[in-house]
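Reproduced below: run06.pdb, with PDB, C-alpha atoms.
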```pdb
ATOM      1  CA  GLY A1253       5.977  -9.791 -10.440
ATOM      2  CA  ALA A1254       3.588 -11.465  -8.054
ATOM      3  CA  VAL A1255      -0.119 -10.845  -8.577
ATOM      4  CA  VAL A1256      -2.777 -10.215  -5.973
ATOM      5  CA  SER A1257      -6.427 -10.102  -6.949
ATOM      6  CA  GLN A1258      -9.506  -8.868  -5.145
ATOM      7  CA  HIS A1259     -13.137  -9.705  -5.645
ATOM      8  CA  PRO A1260     -15.398  -7.935  -6.127
ATOM      9  CA  SER A1261     -13.848  -4.800  -7.573
ATOM     10  CA  TRP A1262     -16.855  -2.824  -6.413
ATOM     11  CA  VAL A1263     -19.980  -3.505  -4.395
ATOM     12  CA  ILE A1264     -23.071  -1.546  -3.432
ATOM     13  CA  CYS A1265     -25.147  -2.753  -0.534
ATOM     14  CA  LYS A1266     -27.928  -1.638   1.747
ATOM     15  CA  SER A1267     -27.252  -0.494   5.279
ATOM     16  CA  GLY A1268     -27.315  -3.380   7.741
ATOM     17  CA  THR A1269     -26.145  -6.061   5.347
ATOM     18  CA  SER A1270     -22.806  -7.858   5.416
ATOM     19  CA  VAL A1271     -20.286  -7.802   2.612
ATOM     20  CA  LYS A1272     -17.420 -10.193   1.990
ATOM     21  CA  ILE A1273     -14.297  -9.182   0.074
ATOM     22  CA  GLU A1274     -11.826 -11.773  -1.151
ATOM     23  CA  CYS A1275      -8.086 -11.320  -1.558
ATOM     24  CA  ARG A1276      -6.099 -13.927  -3.461
ATOM     25  CA  SER A1277      -2.419 -14.352  -4.204
ATOM     26  CA  LEU A1278      -2.436 -15.842  -7.684
ATOM     27  CA  ASP A1279       1.095 -17.078  -8.194
ATOM     28  CA  PHE A1280       2.670 -17.294  -4.778
ATOM     29  CA  GLN A1281       1.897 -18.447  -1.276
ATOM     30  CA  ALA A1282       1.070 -15.547   1.008
ATOM     31  CA  THR A1283       2.145 -16.228   4.552
ATOM     32  CA  THR A1284       0.906 -12.809   5.630
ATOM     33  CA  MET A1285      -1.871 -10.664   4.274
ATOM     34  CA  PHE A1286      -2.761  -7.112   5.206
ATOM     35  CA  TRP A1287      -6.010  -5.197   4.902
ATOM     36  CA  TYR A1288      -6.098  -1.447   4.387
ATOM     37  CA  ARG A1289      -8.863   1.106   4.081
ATOM     38  CA  GLN A1290      -8.582   4.325   2.139
ATOM     39  CA  PHE A1291     -10.956   7.283   2.182
ATOM     40  CA  PRO A1292     -10.980   9.827  -0.661
ATOM     41  CA  LYS A1293      -7.871  12.003  -0.857
ATOM     42  CA  GLN A1294      -6.345  10.216   2.116
ATOM     43  CA  SER A1295      -3.556   7.711   2.606
ATOM     44  CA  LEU A1296      -3.992   4.007   3.197
ATOM     45  CA  MET A1297      -4.815   3.070   6.757
ATOM     46  CA  LEU A1298      -3.786  -0.370   7.963
ATOM     47  CA  MET A1299      -6.708  -2.235   9.476
ATOM     48  CA  ALA A1300      -5.293  -5.631  10.313
ATOM     49  CA  THR A1301      -2.600  -8.197   9.677
ATOM     50  CA  SER A1302      -3.454 -11.829   9.148
ATOM     51  CA  ASN A1303      -1.218 -14.843   9.094
ATOM     52  CA  GLU A1304      -2.348 -18.092   7.562
ATOM     53  CA  GLY A1305      -4.028 -20.307  10.094
ATOM     54  CA  SER A1306      -4.087 -17.828  12.944
ATOM     55  CA  LYS A1307      -6.256 -14.993  14.170
ATOM     56  CA  ALA A1308      -5.820 -11.580  12.669
ATOM     57  CA  THR A1309      -4.120  -8.786  14.556
ATOM     58  CA  TYR A1310      -6.140  -5.592  14.412
ATOM     59  CA  GLU A1311      -4.821  -2.072  14.576
ATOM     60  CA  GLN A1312      -5.964   0.185  17.354
ATOM     61  CA  GLY A1313      -9.429   1.582  16.737
ATOM     62  CA  VAL A1314     -10.490  -1.123  14.290
ATOM     63  CA  GLU A1315     -13.429  -3.181  15.521
ATOM     64  CA  LYS A1316     -12.630  -6.850  15.130
ATOM     65  CA  ASP A1317     -16.279  -7.869  15.450
ATOM     66  CA  LYS A1318     -17.251  -5.551  12.639
ATOM     67  CA  PHE A1319     -14.407  -6.371  10.274
ATOM     68  CA  LEU A1320     -14.038 -10.140  10.282
ATOM     69  CA  ILE A1321     -10.856 -11.423   8.712
ATOM     70  CA  ASN A1322     -10.218 -15.018   7.754
ATOM     71  CA  HIS A1323      -6.949 -16.301   6.309
ATOM     72  CA  ALA A1324      -7.826 -19.941   5.773
ATOM     73  CA  SER A1325      -5.220 -20.787   3.172
ATOM     74  CA  LEU A1326      -1.912 -19.538   1.843
ATOM     75  CA  THR A1327      -3.619 -17.968  -1.152
ATOM     76  CA  LEU A1328      -6.857 -16.556   0.240
ATOM     77  CA  SER A1329      -7.880 -14.048   2.858
ATOM     78  CA  THR A1330     -11.355 -12.604   3.292
ATOM     79  CA  LEU A1331     -12.628  -9.439   4.917
ATOM     80  CA  THR A1332     -16.268  -9.366   5.935
ATOM     81  CA  VAL A1333     -17.813  -6.047   6.808
ATOM     82  CA  THR A1334     -20.687  -6.959   9.086
ATOM     83  CA  SER A1335     -23.816  -4.837   9.415
ATOM     84  CA  ALA A1336     -22.388  -2.265   7.076
ATOM     85  CA  HIS A1337     -23.349   1.380   7.424
ATOM     86  CA  PRO A1338     -22.747   4.380   5.167
ATOM     87  CA  GLU A1339     -19.660   5.383   7.160
ATOM     88  CA  ASP A1340     -18.079   2.062   6.148
ATOM     89  CA  SER A1341     -18.133   3.181   2.531
ATOM     90  CA  SER A1342     -14.511   3.227   1.471
ATOM     91  CA  PHE A1343     -11.847   1.724  -0.752
ATOM     92  CA  TYR A1344     -10.548  -1.519   0.747
ATOM     93  CA  ILE A1345      -7.145  -2.779  -0.358
ATOM     94  CA  CYS A1346      -5.362  -5.970   0.546
ATOM     95  CA  SER A1347      -1.706  -6.828   0.219
ATOM     96  CA  ALA A1348       0.284  -9.993   0.580
ATOM     97  CA  ARG A1349       3.759 -11.003   1.536
ATOM     98  CA  GLY A1350       4.956 -14.470   0.794
ATOM     99  CA  ARG A1351       7.657 -16.999   0.454
ATOM    100  CA  LEU A1352       9.495 -15.284  -2.347
ATOM    101  CA  ALA A1353      13.070 -14.200  -2.758
ATOM    102  CA  GLY A1354      12.013 -10.585  -2.220
ATOM    103  CA  GLN A1355      10.218 -11.294   1.006
ATOM    104  CA  ASN A1356      10.422  -7.677   2.132
ATOM    105  CA  GLU A1357       8.116  -6.690  -0.662
ATOM    106  CA  GLN A1358       4.378  -6.459  -0.317
ATOM    107  CA  PHE A1359       2.167  -6.934  -3.347
ATOM    108  CA  PHE A1360      -1.075  -5.017  -3.402
ATOM    109  CA  GLY A1361      -4.431  -5.935  -4.839
ATOM    110  CA  PRO A1362      -6.407  -3.580  -7.086
ATOM    111  CA  GLY A1363      -8.811  -2.613  -4.324
ATOM    112  CA  THR A1364     -12.554  -2.987  -3.706
ATOM    113  CA  ARG A1365     -14.858   0.017  -3.698
ATOM    114  CA  LEU A1366     -17.621  -0.454  -1.098
ATOM    115  CA  THR A1367     -20.632   1.831  -1.142
ATOM    116  CA  VAL A1368     -23.230   1.428   1.582
ATOM    117  CA  LEU A1369     -26.576   3.064   0.917
TER     118      LEU A1369
ATOM    119  CA  LEU B1248       7.887   1.513  13.196
ATOM    120  CA  ALA B1249       9.806   4.263  11.457
ATOM    121  CA  LYS B1250       7.748   7.311  10.568
ATOM    122  CA  THR B1251       8.295   8.907   7.197
ATOM    123  CA  THR B1252       7.984  12.510   6.122
ATOM    124  CA  GLN B1253       7.495  13.539   2.514
ATOM    125  CA  PRO B1254       6.437  16.723   0.747
ATOM    126  CA  ILE B1255       2.670  16.795   0.357
ATOM    127  CA  SER B1256       2.780  17.723  -3.304
ATOM    128  CA  MET B1257       5.116  18.466  -6.196
ATOM    129  CA  ASP B1258       4.622  19.843  -9.677
ATOM    130  CA  SER B1259       6.707  19.095 -12.739
ATOM    131  CA  TYR B1260       6.620  19.277 -16.516
ATOM    132  CA  GLU B1261       6.914  16.495 -19.008
ATOM    133  CA  GLY B1262      10.470  15.458 -19.754
ATOM    134  CA  GLN B1263      11.908  16.743 -16.494
ATOM    135  CA  GLU B1264      13.598  14.673 -13.811
ATOM    136  CA  VAL B1265      11.691  14.546 -10.549
ATOM    137  CA  ASN B1266      13.303  13.861  -7.196
ATOM    138  CA  ILE B1267      11.141  13.124  -4.187
ATOM    139  CA  THR B1268      12.886  13.015  -0.841
ATOM    140  CA  CYS B1269      11.655  11.122   2.179
ATOM    141  CA  SER B1270      12.896  11.503   5.742
ATOM    142  CA  HIS B1271      12.966   8.502   8.062
ATOM    143  CA  ASN B1272      15.119   9.450  11.035
ATOM    144  CA  ASN B1273      14.148   6.431  13.138
ATOM    145  CA  ILE B1274      14.848   3.746  10.579
ATOM    146  CA  ALA B1275      15.903   0.466  12.144
ATOM    147  CA  THR B1276      18.867  -1.653  11.136
ATOM    148  CA  ASN B1277      16.698  -4.300   9.514
ATOM    149  CA  ASP B1278      14.376  -1.894   7.710
ATOM    150  CA  TYR B1279      14.225  -1.627   3.947
ATOM    151  CA  ILE B1280      13.035   1.458   2.092
ATOM    152  CA  THR B1281      10.297   0.905  -0.445
ATOM    153  CA  TRP B1282       8.496   3.289  -2.770
ATOM    154  CA  TYR B1283       5.035   2.743  -4.168
ATOM    155  CA  GLN B1284       2.979   4.579  -6.768
ATOM    156  CA  GLN B1285      -0.772   4.868  -6.563
ATOM    157  CA  PHE B1286      -3.269   6.045  -9.138
ATOM    158  CA  PRO B1287      -6.834   6.982  -8.126
ATOM    159  CA  SER B1288      -9.020   3.974  -7.318
ATOM    160  CA  GLN B1289      -6.159   1.521  -7.741
ATOM    161  CA  GLY B1290      -3.937  -0.384  -5.354
ATOM    162  CA  PRO B1291      -0.374   0.813  -4.795
ATOM    163  CA  ARG B1292       2.160  -0.382  -7.309
ATOM    164  CA  PHE B1293       5.729  -1.275  -6.314
ATOM    165  CA  ILE B1294       8.346   1.023  -7.813
ATOM    166  CA  ILE B1295      11.648   0.272  -6.141
ATOM    167  CA  GLN B1296      13.222  -0.980  -2.945
ATOM    168  CA  GLY B1297      16.625  -0.515  -1.388
ATOM    169  CA  TYR B1298      18.644  -0.869   1.755
ATOM    170  CA  LYS B1299      21.624   1.387   1.193
ATOM    171  CA  THR B1300      23.549   3.317  -1.503
ATOM    172  CA  LYS B1301      21.880   3.374  -4.898
ATOM    173  CA  VAL B1302      19.407   1.120  -6.615
ATOM    174  CA  THR B1303      18.238   1.517 -10.191
ATOM    175  CA  ASN B1304      15.618  -0.279 -12.226
ATOM    176  CA  GLU B1305      13.863   0.383 -15.498
ATOM    177  CA  VAL B1306      11.573   3.067 -14.099
ATOM    178  CA  ALA B1307      13.398   4.804 -11.248
ATOM    179  CA  SER B1308      16.472   5.207  -9.104
ATOM    180  CA  LEU B1309      16.649   5.225  -5.349
ATOM    181  CA  PHE B1310      19.414   7.066  -3.541
ATOM    182  CA  ILE B1311      20.104   6.273   0.100
ATOM    183  CA  PRO B1312      22.862   8.064   2.033
ATOM    184  CA  ALA B1313      25.143   6.240   4.409
ATOM    185  CA  ASP B1314      23.160   7.167   7.520
ATOM    186  CA  ARG B1315      19.930   5.917   5.868
ATOM    187  CA  LYS B1316      17.906   8.634   7.549
ATOM    188  CA  SER B1317      16.520   9.766   4.239
ATOM    189  CA  SER B1318      16.052   8.526   0.716
ATOM    190  CA  THR B1319      15.370  10.086  -2.662
ATOM    191  CA  LEU B1320      13.267   8.622  -5.406
ATOM    192  CA  SER B1321      14.365   9.843  -8.817
ATOM    193  CA  LEU B1322      12.038   9.603 -11.807
ATOM    194  CA  PRO B1323      13.823  10.402 -15.077
ATOM    195  CA  ARG B1324      11.959  12.299 -17.783
ATOM    196  CA  VAL B1325       8.476  12.149 -16.332
ATOM    197  CA  SER B1326       5.398  11.996 -18.521
ATOM    198  CA  LEU B1327       1.766  12.881 -17.911
ATOM    199  CA  SER B1328       1.103   9.278 -16.923
ATOM    200  CA  ASP B1329       3.434   9.666 -13.948
ATOM    201  CA  THR B1330       0.869  11.920 -12.266
ATOM    202  CA  ALA B1331       0.087   9.945  -9.121
ATOM    203  CA  VAL B1332       0.704   9.726  -5.393
ATOM    204  CA  TYR B1333       4.078   8.352  -4.345
ATOM    205  CA  TYR B1334       4.555   6.708  -0.981
ATOM    206  CA  CYS B1335       7.805   6.085   0.860
ATOM    207  CA  LEU B1336       7.685   3.271   3.391
ATOM    208  CA  VAL B1337      10.255   1.762   5.694
ATOM    209  CA  GLY B1338       9.999  -1.622   7.313
ATOM    210  CA  GLY B1339      11.345  -5.107   7.539
ATOM    211  CA  THR B1340       9.250  -8.226   7.456
ATOM    212  CA  ASP B1341       6.527  -6.659   9.564
ATOM    213  CA  LYS B1342       3.632  -4.443   8.619
ATOM    214  CA  LEU B1343       4.011  -1.305   6.527
ATOM    215  CA  ILE B1344       2.484   1.941   7.684
ATOM    216  CA  PHE B1345       1.699   4.476   4.991
ATOM    217  CA  GLY B1346       2.460   8.147   5.463
ATOM    218  CA  THR B1347       0.772  10.996   3.672
ATOM    219  CA  GLY B1348       2.565  10.395   0.377
ATOM    220  CA  THR B1349       3.572  12.956  -2.245
ATOM    221  CA  ARG B1350       1.060  13.970  -4.860
ATOM    222  CA  LEU B1351       3.003  14.520  -8.094
ATOM    223  CA  GLN B1352       1.321  16.520 -10.825
ATOM    224  CA  VAL B1353       2.966  16.483 -14.240
ATOM    225  CA  PHE B1354       1.993  19.235 -16.671
ATOM    226  CA  PRO B1355       2.389  19.204 -20.452
TER     227      PRO B1355
END
```
Can you turn what I pasted into structure tokens?
Amino acid sequence: GAVVSQHPSWVICKSGTSVKIECRSLDFQATTMFWYRQFPKQSLMLMATSNEGSKATYEQGVEKDKFLINHASLTLSTLTVTSAHPEDSSFYICSARGRLAGQNEQFFGPGTRLTVL
Amino acid sequence: LAKTTQPISMDSYEGQEVNITCSHNNIATNDYITWYQQFPSQGPRFIIQGYKTKVTNEVASLFIPADRKSSTLSLPRVSLSDTAVYYCLVGGTDKLIFGTGTRLQVFP
């Protein structure tokens, strides 16, 4: 099946700094990528949808100036958490949908654990 | 977007068949039904997808009645490694919204 990678797998940063998380589709072109956040013992919460070459669409309640999303190519999307604070500590997961025969299927990355001190 | 309802948790023993049912009364004509499995601190893993009737692959079967308002994921002969959270999602080519999922605990 298609593979989606994320980098880094975990990151620890100080409060007030910015952190960038990369999401790559390794063997297919991802026309759409999605970013989710997951707190412990909870379900995944969709943050935003990004299409290659256009601005991301954010879900209600998600601050677009705090969570910057860039989808510059068909294989890469980035999420930057700006001025991170301890409440931003979470598990961030991306997924991708591409130009494959099973286009209704989303492929998920392994996730990035962000801890803000 | 169709909302899904699943049992919060289920318990089973090794070797048993587990059936997890999901309700999606507002499913749209173009929506597919997809099930994912998630282990702690990992991204969801695709299990199976279907549109109607029955779909089977090497790990599971998916049963969808004619009205498509529900679906049942069937895991044959579960093992300890099947302990995970299982999510039922419905959608077409748009975004997928996760429900609460079903936490399956398999005991020896």
Per residue of chain B within 12 Å of chain A, which atom pair is closest and at what distance in Å (one decimal), using only C-alpha atoms, listed by chain and increasing number, as a tab-separated table?
```
residue	atom	partner	partner_atom	distance
B:Ile1255	CA	A:Ser1295	CA	11.2
B:Asn1277	CA	A:Asn1356	CA	10.3
B:Asp1278	CA	A:Asn1356	CA	9.0
B:Tyr1279	CA	A:Asn1356	CA	7.4
B:Ile1280	CA	A:Asn1356	CA	9.5
B:Thr1281	CA	A:Glu1357	CA	7.9
B:Trp1282	CA	A:Glu1357	CA	10.2
B:Tyr1283	CA	A:Phe1360	CA	9.9
B:Gln1284	CA	A:Phe1360	CA	10.9
B:Gln1285	CA	A:Ser1295	CA	10.0
B:Phe1286	CA	A:Pro1362	CA	10.3
B:Pro1287	CA	A:Lys1293	CA	8.9
B:Ser1288	CA	A:Gly1363	CA	7.2
B:Gln1289	CA	A:Pro1362	CA	5.1
B:Gly1290	CA	A:Pro1362	CA	4.4
B:Pro1291	CA	A:Phe1360	CA	6.0
B:Arg1292	CA	A:Phe1360	CA	6.9
B:Phe1293	CA	A:Phe1359	CA	7.3
B:Ile1294	CA	A:Glu1357	CA	10.5
B:Ile1295	CA	A:Glu1357	CA	9.5
B:Gln1296	CA	A:Glu1357	CA	8.0
B:Gly1297	CA	A:Asn1356	CA	10.1
B:Tyr1298	CA	A:Asn1356	CA	10.7
B:Ala1331	CA	A:Lys1293	CA	11.7
B:Val1332	CA	A:Ser1295	CA	9.3
B:Tyr1333	CA	A:Ser1295	CA	10.3
B:Tyr1334	CA	A:Ser1295	CA	8.9
B:Cys1335	CA	A:Ser1295	CA	11.6
B:Leu1336	CA	A:Glu1357	CA	10.8
B:Val1337	CA	A:Asn1356	CA	10.1
B:Gly1338	CA	A:Asn1356	CA	8.0
B:Gly1339	CA	A:Asn1356	CA	6.1
B:Thr1340	CA	A:Asn1356	CA	5.5
B:Asp1341	CA	A:Asn1356	CA	8.5
B:Lys1342	CA	A:Thr1301	CA	7.4
B:Leu1343	CA	A:Leu1298	CA	8.0
B:Ile1344	CA	A:Leu1298	CA	6.7
B:Phe1345	CA	A:Leu1296	CA	6.0
B:Gly1346	CA	A:Ser1295	CA	6.7
B:Thr1347	CA	A:Ser1295	CA	5.5
B:Gly1348	CA	A:Ser1295	CA	7.0
B:Thr1349	CA	A:Ser1295	CA	10.1
B:Arg1350	CA	A:Lys1293	CA	10.0
```
Query raised in the report: Which value, in Å to one decimal, gives the distance between atom CA of Pro1254 of chain B and atom CA of Ser1270 of chain B?
Result: 9.7 Å
Report task. Kindly extract all protein, DNA and RNA residues lying within 10 Å of the coordinates (-8.9, -16.1, -0.1) given in the file, considering all atoms listed in the file, and supply them as a ChimeraX atom specification. Result -> /A:1257-1259,1273-1278,1285,1322-1331
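Applied to the file shown here, the PyMOL selection byres ((chain B and resi 1266) around 7) selects Glu1264, Val1265, Ile1267, Thr1268, Thr1319, Leu1320, Ser1321 and Leu1322 of chain B.
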Keeping C-alpha atoms for every residue in the selection just given, could you write it to a file as a PDB file, in the frame of the given file?
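Contents of part-v7.pdb, freshly written:
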```pdb
ATOM      1  CA  GLU B1264      13.598  14.673 -13.811  1.00  0.00           C
ATOM      2  CA  VAL B1265      11.691  14.546 -10.549  1.00  0.00           C
ATOM      3  CA  ILE B1267      11.141  13.124  -4.187  1.00  0.00           C
ATOM      4  CA  THR B1268      12.886  13.015  -0.841  1.00  0.00           C
ATOM      5  CA  THR B1319      15.370  10.086  -2.662  1.00  0.00           C
ATOM      6  CA  LEU B1320      13.267   8.622  -5.406  1.00  0.00           C
ATOM      7  CA  SER B1321      14.365   9.843  -8.817  1.00  0.00           C
ATOM      8  CA  LEU B1322      12.038   9.603 -11.807  1.00  0.00           C
TER       9      LEU B1322
END
```
Requested in this report: Please tell me which residues are no farther than 8 Å from (-22.1, -6.6, 3.3) in the file, counting only C-alpha atoms, and write them as a ChimeraX atom specification.
Outcome: /A:1265-1266,1268-1272,1332-1336
Missing atoms of segment 1306-1317 of chain B rebuilt to all heavy atoms, written as a tab-separated table (two decimals), keeping the file's coordinate frame:
```
chain	number	residue	atom	x	y	z
B	1306	VAL	N	12.46	1.91	-14.22
B	1306	VAL	CA	11.57	3.07	-14.10
B	1306	VAL	C	12.09	4.14	-13.16
B	1306	VAL	O	11.65	5.30	-13.24
B	1306	VAL	CB	10.17	2.64	-13.64
B	1306	VAL	CG1	9.53	1.71	-14.65
B	1306	VAL	CG2	10.21	1.98	-12.26
B	1307	ALA	N	12.98	3.82	-12.24
B	1307	ALA	CA	13.40	4.80	-11.25
B	1307	ALA	C	14.75	4.45	-10.65
B	1307	ALA	O	15.27	3.36	-10.85
B	1307	ALA	CB	12.36	4.88	-10.13
B	1308	SER	N	15.28	5.43	-9.91
B	1308	SER	CA	16.47	5.21	-9.10
B	1308	SER	C	16.16	5.60	-7.67
B	1308	SER	O	15.33	6.49	-7.41
B	1308	SER	CB	17.65	6.05	-9.62
B	1308	SER	OG	18.04	5.64	-10.91
B	1309	LEU	N	16.82	4.95	-6.77
B	1309	LEU	CA	16.65	5.22	-5.35
B	1309	LEU	C	18.02	5.49	-4.75
B	1309	LEU	O	18.91	4.65	-4.85
B	1309	LEU	CB	15.98	4.03	-4.65
B	1309	LEU	CG	15.76	4.14	-3.15
B	1309	LEU	CD1	14.88	5.34	-2.81
B	1309	LEU	CD2	15.14	2.86	-2.62
B	1310	PHE	N	18.16	6.67	-4.15
B	1310	PHE	CA	19.41	7.07	-3.54
B	1310	PHE	C	19.26	7.06	-2.02
B	1310	PHE	O	18.34	7.70	-1.49
B	1310	PHE	CB	19.82	8.46	-4.02
B	1310	PHE	CG	20.04	8.55	-5.50
B	1310	PHE	CD1	19.00	8.91	-6.35
B	1310	PHE	CD2	21.27	8.26	-6.05
B	1310	PHE	CE1	19.18	8.98	-7.72
B	1310	PHE	CE2	21.47	8.33	-7.43
B	1310	PHE	CZ	20.43	8.69	-8.26
B	1311	ILE	N	20.16	6.38	-1.36
B	1311	ILE	CA	20.10	6.27	0.10
B	1311	ILE	C	21.47	6.63	0.65
B	1311	ILE	O	22.46	5.95	0.35
B	1311	ILE	CB	19.73	4.84	0.53
B	1311	ILE	CG1	18.41	4.41	-0.14
B	1311	ILE	CG2	19.60	4.76	2.05
B	1311	ILE	CD1	18.10	2.94	0.02
B	1312	PRO	N	21.56	7.69	1.48
B	1312	PRO	CA	22.86	8.06	2.03
B	1312	PRO	C	23.31	7.05	3.08
B	1312	PRO	O	22.54	6.19	3.50
B	1312	PRO	CB	22.57	9.44	2.66
B	1312	PRO	CG	21.11	9.40	2.98
B	1312	PRO	CD	20.48	8.58	1.91
B	1313	ALA	N	24.55	7.21	3.50
B	1313	ALA	CA	25.14	6.24	4.41
B	1313	ALA	C	24.39	6.13	5.74
B	1313	ALA	O	24.27	5.03	6.29
B	1313	ALA	CB	26.60	6.60	4.68
B	1314	ASP	N	23.86	7.25	6.23
B	1314	ASP	CA	23.16	7.17	7.52
B	1314	ASP	C	21.73	6.64	7.38
B	1314	ASP	O	21.07	6.38	8.39
B	1314	ASP	CB	23.16	8.53	8.21
B	1314	ASP	CG	22.35	9.59	7.46
B	1314	ASP	OD1	21.72	9.25	6.43
B	1314	ASP	OD2	22.36	10.75	7.87
B	1315	ARG	N	21.25	6.48	6.19
B	1315	ARG	CA	19.93	5.92	5.87
B	1315	ARG	C	18.77	6.67	6.49
B	1315	ARG	O	17.65	6.15	6.55
B	1315	ARG	CB	19.87	4.44	6.29
B	1315	ARG	CG	20.95	3.59	5.70
B	1315	ARG	CD	20.70	2.11	5.67
B	1315	ARG	NE	19.94	1.59	6.77
B	1315	ARG	CZ	18.81	0.89	6.62
B	1315	ARG	NH1	18.32	0.67	5.41
B	1315	ARG	NH2	18.18	0.41	7.67
B	1316	LYS	N	18.98	7.87	6.93
B	1316	LYS	CA	17.91	8.63	7.55
B	1316	LYS	C	17.02	9.34	6.53
B	1316	LYS	O	16.05	10.02	6.90
B	1316	LYS	CB	18.49	9.63	8.55
B	1316	LYS	CG	19.15	8.97	9.76
B	1316	LYS	CD	19.64	10.01	10.73
B	1316	LYS	CE	20.33	9.35	11.93
B	1316	LYS	NZ	19.43	8.46	12.69
B	1317	SER	N	17.36	9.21	5.29
B	1317	SER	CA	16.52	9.77	4.24
B	1317	SER	C	16.74	8.94	2.97
B	1317	SER	O	17.65	8.12	2.91
B	1317	SER	CB	16.87	11.23	3.96
B	1317	SER	OG	18.17	11.33	3.40
```
